[in-house]
Amino acid sequence: MATVDPLPAIQIASHRGLAGLTELLPAWRELDARAAVQPLSAELFLALARARGHHNGLALSASQGSRLLAVWPLQVQRLGPLRLARRLGGAIQTFDGLTFDPQIGPQGRAGIVRDMLGALREQRLADLLHLRFLPDAPELREIPELALAVRPAGESPWLDTSALGEREAVLARLSKERRKSTRRGLRALAAMGTVTFREEQDLARRRGLVERALELKRAWLREAEAISLPLTAPWLPRSLLTLCTDPTLRETVRVFELAVSGKTAAIELGWQSGRDYHSYLGAFDARFAKGGPGAALTLEVLAWCGANGVQRAHLLPPATDFKLGWTDNREPLWTTTLPLTGRGRLFQPVVRDGKDLAKRRLADARELWSRARASEPIA
């Protein structure tokens, strides 16, 4: 009787720093081509690591023989004595998690995640693992330590664009009220001048559009008295400008413009990862506000997604009324801060709650400042 050789065991490996990430890239690209879902593409992860000089990058891989089955991209930051593992892409990467070979079922994925968590502990690669936006996935519920530690983190709205390739098809999915208001806005924009939509390919113009989007977004935040911690950090604008001007990333980093008689009315920057598109940064010029340029650009981008093979367009958290009005699905998101060592357990509350606490303190300070200004006597 013929014998069948057993399949090779699954091996977990760690790839550290830029050199390790670069060495993994060829197999990672092939995995991306097979995978149904990616947090971000391998090319974008590596570009971000290079842009930020990520010598603290860490990718965990699972392989069976020569076949790469999964990749978990992370970075390990030093915060005093603490080694904190978190998403490699920082604020540019919305979703935490792994890229899996689609042939791996839920039990296999759960086993890979367990083994990778074990490697983080056994190799003492980090003290604490912080996952901010973890998509709902059955394999995670199979891991008791994760299932016990996760907390709700909101929802991510997305639209199935697989059968939508024209504006009218997108409009038909909207509520009657949203559809009527969008059409009114389109007529108002047309009354202001010739309306054009384009995906920008020229690198210099891409940079100019992203710079303008950042300027408009900051102005909008000031007007709304809102806070965006990532936009206050200089590394985020630098990274966005680096990515949008990298000629190798034109098919991954998308820059869209809606113009009225040649004047920019709205801009969107987004990432394409496999079958998904992530709408990352949107901004509009208030001079065109009566025409709803943000809604007009969203309409065009969603139709572009359907016409260009995108199956899911993610408008990303938070799930605002505007985003929910355009989408037909909501993906639950979870957050967890998982200690891997005794030191990690000591610092867990600070990392888990520190950002929310800082945002509340900033909001409280802004409210106090507004009250103090309101009570000032008029000269």
# chains A, B, ... in the order shown; residues from 1 in each chain; ligands from 1
call {"tool": "select_by_dssp", "arguments": {"residues": "stretch 107-346 of chain A", "states": "strand (DSSP E)", "output": "MDAnalysis selection string"}}
result
chainID A and resid 128:135 151:160 195:199 253:260 263:273 276:284 312:314 329:339
call {"tool": "residues_around", "arguments": {"residues": "stretch 276-289 of chain A", "least_positions_apart": "2", "cutoff": "7 Å", "atoms": "only C-alpha atoms", "output": "PyMOL selection string"}}
result
chain A and resi 213+216-217+265-274+291-294+310-316
call {"tool": "closest_residue", "arguments": {"among": "A:Ala188, A:Ala172, A:Ala163, A:Ala153", "to": "A:Pro135", "atoms": "only C-alpha atoms"}}
result
A:Ala153
call {"tool": "residues_around", "arguments": {"residues": "A:Glu200", "least_positions_apart": "5", "cutoff": "12 Å", "atoms": "only C-alpha atoms", "output": "compact mmCIF listing (two decimals) with N, CA, C and O atoms, in the first residue's frame"}}
result
# COMPACT_ATOMS: atom_id res chain seq x y z
N ARG A 205 0.79 66.73 -8.41
CA ARG A 205 -0.58 67.13 -8.11
C ARG A 205 -1.16 66.30 -6.96
O ARG A 205 -1.95 66.80 -6.16
N ARG A 206 -0.78 65.04 -6.88
CA ARG A 206 -1.21 64.22 -5.74
C ARG A 206 -0.73 64.85 -4.43
O ARG A 206 -1.50 64.96 -3.47
N ARG A 207 0.52 65.25 -4.41
CA ARG A 207 1.05 65.88 -3.20
C ARG A 207 0.29 67.15 -2.87
O ARG A 207 -0.08 67.40 -1.72
N GLY A 208 0.06 67.98 -3.89
CA GLY A 208 -0.66 69.23 -3.66
C GLY A 208 -2.07 68.99 -3.13
O GLY A 208 -2.54 69.72 -2.24
N LEU A 209 -2.75 67.99 -3.66
CA LEU A 209 -4.11 67.70 -3.21
C LEU A 209 -4.13 67.20 -1.76
O LEU A 209 -5.00 67.59 -0.97
N VAL A 210 -3.17 66.36 -1.40
CA VAL A 210 -3.14 65.85 -0.02
C VAL A 210 -2.78 66.97 0.95
O VAL A 210 -3.35 67.07 2.05
N CYS A 244 1.77 59.22 -0.93
CA CYS A 244 1.04 59.64 -2.13
C CYS A 244 1.98 60.03 -3.27
O CYS A 244 1.55 60.12 -4.42
N THR A 245 3.27 60.25 -2.96
CA THR A 245 4.23 60.61 -4.01
C THR A 245 5.18 59.46 -4.37
O THR A 245 6.12 59.65 -5.13
N ARG A 250 0.93 53.85 -6.72
CA ARG A 250 -0.22 54.47 -7.38
C ARG A 250 -1.45 53.56 -7.35
O ARG A 250 -2.59 54.03 -7.30
N GLU A 251 -1.24 52.24 -7.41
CA GLU A 251 -2.37 51.30 -7.42
C GLU A 251 -2.85 50.95 -6.02
O GLU A 251 -3.83 50.22 -5.86
N VAL A 253 -2.33 53.53 -3.13
CA VAL A 253 -2.70 54.81 -2.53
C VAL A 253 -3.49 55.59 -3.57
O VAL A 253 -2.95 56.00 -4.60
N ARG A 254 -4.78 55.81 -3.31
CA ARG A 254 -5.66 56.46 -4.28
C ARG A 254 -5.94 57.90 -3.83
O ARG A 254 -6.23 58.14 -2.65
N VAL A 255 -5.84 58.84 -4.77
CA VAL A 255 -6.13 60.25 -4.50
C VAL A 255 -7.19 60.71 -5.50
O VAL A 255 -6.97 60.65 -6.72
N PHE A 256 -8.34 61.15 -4.99
CA PHE A 256 -9.46 61.57 -5.83
C PHE A 256 -9.74 63.05 -5.63
O PHE A 256 -9.59 63.58 -4.51
N GLU A 257 -10.20 63.70 -6.71
CA GLU A 257 -10.54 65.13 -6.65
C GLU A 257 -11.88 65.37 -7.33
O GLU A 257 -12.15 64.85 -8.41
N LEU A 258 -12.72 66.17 -6.69
CA LEU A 258 -13.92 66.72 -7.31
C LEU A 258 -13.67 68.21 -7.50
O LEU A 258 -13.36 68.91 -6.53
N ALA A 259 -13.78 68.68 -8.73
CA ALA A 259 -13.50 70.09 -9.03
C ALA A 259 -14.72 70.74 -9.67
O ALA A 259 -15.53 70.07 -10.33
N ILE A 267 -11.70 66.49 -1.76
CA ILE A 267 -10.53 65.60 -1.96
C ILE A 267 -10.73 64.37 -1.08
O ILE A 267 -11.23 64.48 0.04
N GLU A 268 -10.31 63.22 -1.59
CA GLU A 268 -10.29 62.00 -0.78
C GLU A 268 -9.00 61.24 -1.02
O GLU A 268 -8.56 61.09 -2.16
N LEU A 269 -8.43 60.78 0.08
CA LEU A 269 -7.25 59.90 0.05
C LEU A 269 -7.67 58.57 0.65
O LEU A 269 -8.30 58.52 1.71
call {"tool": "closest_residue", "arguments": {"among": "A:Leu241, A:Ala126, A:Ala35, A:Leu333", "to": "A:Leu84", "atoms": "only C-alpha atoms"}}
result
A:Ala126
call {"tool": "closest_residue", "arguments": {"among": "A:Gly262, A:Ala27, A:Leu340, A:Pro157", "to": "A:Ala119", "atoms": "only C-alpha atoms"}}
result
A:Leu340
call {"tool": "atom_distance", "arguments": {"atom1": "atom CA of A:Leu203", "atom2": "atom CA of A:Gly57"}}
result
27.5 Å
call {"tool": "decode", "arguments": {"residues": "stretch 23-34 of chain A", "atoms": "all heavy atoms", "output": "PDB file, in the first residue's frame"}}
result
ATOM      1  N   GLU A  23      12.923  41.035   3.578  1.00  0.00           N
ATOM      2  CA  GLU A  23      13.187  39.642   3.218  1.00  0.00           C
ATOM      3  C   GLU A  23      11.886  38.850   3.058  1.00  0.00           C
ATOM      4  O   GLU A  23      11.771  37.972   2.203  1.00  0.00           O
ATOM      5  CB  GLU A  23      14.061  38.994   4.296  1.00  0.00           C
ATOM      6  CG  GLU A  23      14.469  37.568   3.973  1.00  0.00           C
ATOM      7  CD  GLU A  23      15.340  36.957   5.060  1.00  0.00           C
ATOM      8  OE1 GLU A  23      15.428  37.542   6.153  1.00  0.00           O
ATOM      9  OE2 GLU A  23      15.925  35.885   4.804  1.00  0.00           O
ATOM     10  N   LEU A  24      10.885  39.190   3.851  1.00  0.00           N
ATOM     11  CA  LEU A  24       9.599  38.494   3.798  1.00  0.00           C
ATOM     12  C   LEU A  24       8.742  38.940   2.612  1.00  0.00           C
ATOM     13  O   LEU A  24       7.803  38.236   2.212  1.00  0.00           O
ATOM     14  CB  LEU A  24       8.842  38.751   5.108  1.00  0.00           C
ATOM     15  CG  LEU A  24       7.490  38.071   5.321  1.00  0.00           C
ATOM     16  CD1 LEU A  24       7.626  36.546   5.310  1.00  0.00           C
ATOM     17  CD2 LEU A  24       6.863  38.541   6.629  1.00  0.00           C
ATOM     18  N   LEU A  25       9.056  40.091   2.012  1.00  0.00           N
ATOM     19  CA  LEU A  25       8.170  40.731   1.046  1.00  0.00           C
ATOM     20  C   LEU A  25       7.747  39.843  -0.129  1.00  0.00           C
ATOM     21  O   LEU A  25       6.554  39.822  -0.468  1.00  0.00           O
ATOM     22  CB  LEU A  25       8.815  42.026   0.531  1.00  0.00           C
ATOM     23  CG  LEU A  25       7.954  42.863  -0.419  1.00  0.00           C
ATOM     24  CD1 LEU A  25       6.669  43.314   0.257  1.00  0.00           C
ATOM     25  CD2 LEU A  25       8.736  44.064  -0.937  1.00  0.00           C
ATOM     26  N   PRO A  26       8.638  39.101  -0.803  1.00  0.00           N
ATOM     27  CA  PRO A  26       8.180  38.306  -1.955  1.00  0.00           C
ATOM     28  C   PRO A  26       7.072  37.308  -1.608  1.00  0.00           C
ATOM     29  O   PRO A  26       6.051  37.226  -2.303  1.00  0.00           O
ATOM     30  CB  PRO A  26       9.451  37.596  -2.425  1.00  0.00           C
ATOM     31  CG  PRO A  26      10.573  38.488  -1.959  1.00  0.00           C
ATOM     32  CD  PRO A  26      10.108  39.031  -0.645  1.00  0.00           C
ATOM     33  N   ALA A  27       7.259  36.564  -0.518  1.00  0.00           N
ATOM     34  CA  ALA A  27       6.227  35.599  -0.110  1.00  0.00           C
ATOM     35  C   ALA A  27       4.981  36.320   0.378  1.00  0.00           C
ATOM     36  O   ALA A  27       3.848  35.842   0.175  1.00  0.00           O
ATOM     37  CB  ALA A  27       6.773  34.680   0.989  1.00  0.00           C
ATOM     38  N   TRP A  28       5.157  37.477   0.992  1.00  0.00           N
ATOM     39  CA  TRP A  28       4.036  38.273   1.492  1.00  0.00           C
ATOM     40  C   TRP A  28       3.186  38.781   0.329  1.00  0.00           C
ATOM     41  O   TRP A  28       1.953  38.772   0.400  1.00  0.00           O
ATOM     42  CB  TRP A  28       4.588  39.425   2.323  1.00  0.00           C
ATOM     43  CG  TRP A  28       3.610  40.155   3.187  1.00  0.00           C
ATOM     44  CD1 TRP A  28       2.256  40.016   3.207  1.00  0.00           C
ATOM     45  CD2 TRP A  28       3.930  41.152   4.164  1.00  0.00           C
ATOM     46  NE1 TRP A  28       1.704  40.869   4.126  1.00  0.00           N
ATOM     47  CE2 TRP A  28       2.704  41.576   4.729  1.00  0.00           C
ATOM     48  CE3 TRP A  28       5.115  41.719   4.617  1.00  0.00           C
ATOM     49  CZ2 TRP A  28       2.642  42.559   5.723  1.00  0.00           C
ATOM     50  CZ3 TRP A  28       5.058  42.698   5.601  1.00  0.00           C
ATOM     51  CH2 TRP A  28       3.847  43.103   6.142  1.00  0.00           C
ATOM     52  N   ARG A  29       3.839  39.207  -0.747  1.00  0.00           N
ATOM     53  CA  ARG A  29       3.103  39.644  -1.939  1.00  0.00           C
ATOM     54  C   ARG A  29       2.227  38.515  -2.486  1.00  0.00           C
ATOM     55  O   ARG A  29       1.071  38.734  -2.862  1.00  0.00           O
ATOM     56  CB  ARG A  29       4.084  40.082  -3.031  1.00  0.00           C
ATOM     57  CG  ARG A  29       4.704  41.447  -2.854  1.00  0.00           C
ATOM     58  CD  ARG A  29       5.599  41.718  -4.042  1.00  0.00           C
ATOM     59  NE  ARG A  29       6.285  42.982  -3.953  1.00  0.00           N
ATOM     60  CZ  ARG A  29       7.549  43.177  -4.309  1.00  0.00           C
ATOM     61  NH1 ARG A  29       8.273  42.159  -4.759  1.00  0.00           N
ATOM     62  NH2 ARG A  29       8.095  44.367  -4.224  1.00  0.00           N
ATOM     63  N   GLU A  30       2.795  37.322  -2.536  1.00  0.00           N
ATOM     64  CA  GLU A  30       2.038  36.176  -3.049  1.00  0.00           C
ATOM     65  C   GLU A  30       0.845  35.869  -2.139  1.00  0.00           C
ATOM     66  O   GLU A  30      -0.245  35.515  -2.620  1.00  0.00           O
ATOM     67  CB  GLU A  30       2.954  34.952  -3.149  1.00  0.00           C
ATOM     68  CG  GLU A  30       4.039  35.097  -4.218  1.00  0.00           C
ATOM     69  CD  GLU A  30       4.936  33.868  -4.275  1.00  0.00           C
ATOM     70  OE1 GLU A  30       4.653  32.895  -3.546  1.00  0.00           O
ATOM     71  OE2 GLU A  30       5.920  33.897  -5.040  1.00  0.00           O
ATOM     72  N   LEU A  31       1.038  35.990  -0.822  1.00  0.00           N
ATOM     73  CA  LEU A  31      -0.065  35.771   0.113  1.00  0.00           C
ATOM     74  C   LEU A  31      -1.153  36.829  -0.110  1.00  0.00           C
ATOM     75  O   LEU A  31      -2.350  36.512  -0.114  1.00  0.00           O
ATOM     76  CB  LEU A  31       0.446  35.830   1.548  1.00  0.00           C
ATOM     77  CG  LEU A  31      -0.618  35.722   2.650  1.00  0.00           C
ATOM     78  CD1 LEU A  31      -1.369  34.401   2.575  1.00  0.00           C
ATOM     79  CD2 LEU A  31       0.013  35.911   4.031  1.00  0.00           C
ATOM     80  N   ASP A  32      -0.763  38.081  -0.305  1.00  0.00           N
ATOM     81  CA  ASP A  32      -1.738  39.144  -0.570  1.00  0.00           C
ATOM     82  C   ASP A  32      -2.589  38.818  -1.793  1.00  0.00           C
ATOM     83  O   ASP A  32      -3.807  39.077  -1.813  1.00  0.00           O
ATOM     84  CB  ASP A  32      -1.009  40.479  -0.813  1.00  0.00           C
ATOM     85  CG  ASP A  32      -0.734  41.237   0.479  1.00  0.00           C
ATOM     86  OD1 ASP A  32      -1.116  40.750   1.557  1.00  0.00           O
ATOM     87  OD2 ASP A  32      -0.131  42.324   0.407  1.00  0.00           O
ATOM     88  N   ALA A  33      -1.953  38.270  -2.823  1.00  0.00           N
ATOM     89  CA  ALA A  33      -2.676  37.957  -4.058  1.00  0.00           C
ATOM     90  C   ALA A  33      -3.730  36.877  -3.834  1.00  0.00           C
ATOM     91  O   ALA A  33      -4.738  36.829  -4.546  1.00  0.00           O
ATOM     92  CB  ALA A  33      -1.692  37.521  -5.142  1.00  0.00           C
ATOM     93  N   ARG A  34      -3.511  36.004  -2.844  1.00  0.00           N
ATOM     94  CA  ARG A  34      -4.473  34.935  -2.552  1.00  0.00           C
ATOM     95  C   ARG A  34      -5.512  35.348  -1.521  1.00  0.00           C
ATOM     96  O   ARG A  34      -6.626  34.824  -1.519  1.00  0.00           O
ATOM     97  CB  ARG A  34      -3.734  33.697  -2.010  1.00  0.00           C
ATOM     98  CG  ARG A  34      -2.666  33.128  -2.912  1.00  0.00           C
ATOM     99  CD  ARG A  34      -2.205  31.757  -2.425  1.00  0.00           C
ATOM    100  NE  ARG A  34      -1.711  31.729  -1.068  1.00  0.00           N
ATOM    101  CZ  ARG A  34      -0.443  31.918  -0.707  1.00  0.00           C
ATOM    102  NH1 ARG A  34       0.471  32.180  -1.643  1.00  0.00           N
ATOM    103  NH2 ARG A  34      -0.080  31.853   0.558  1.00  0.00           N
TER     104      ARG A  34
END
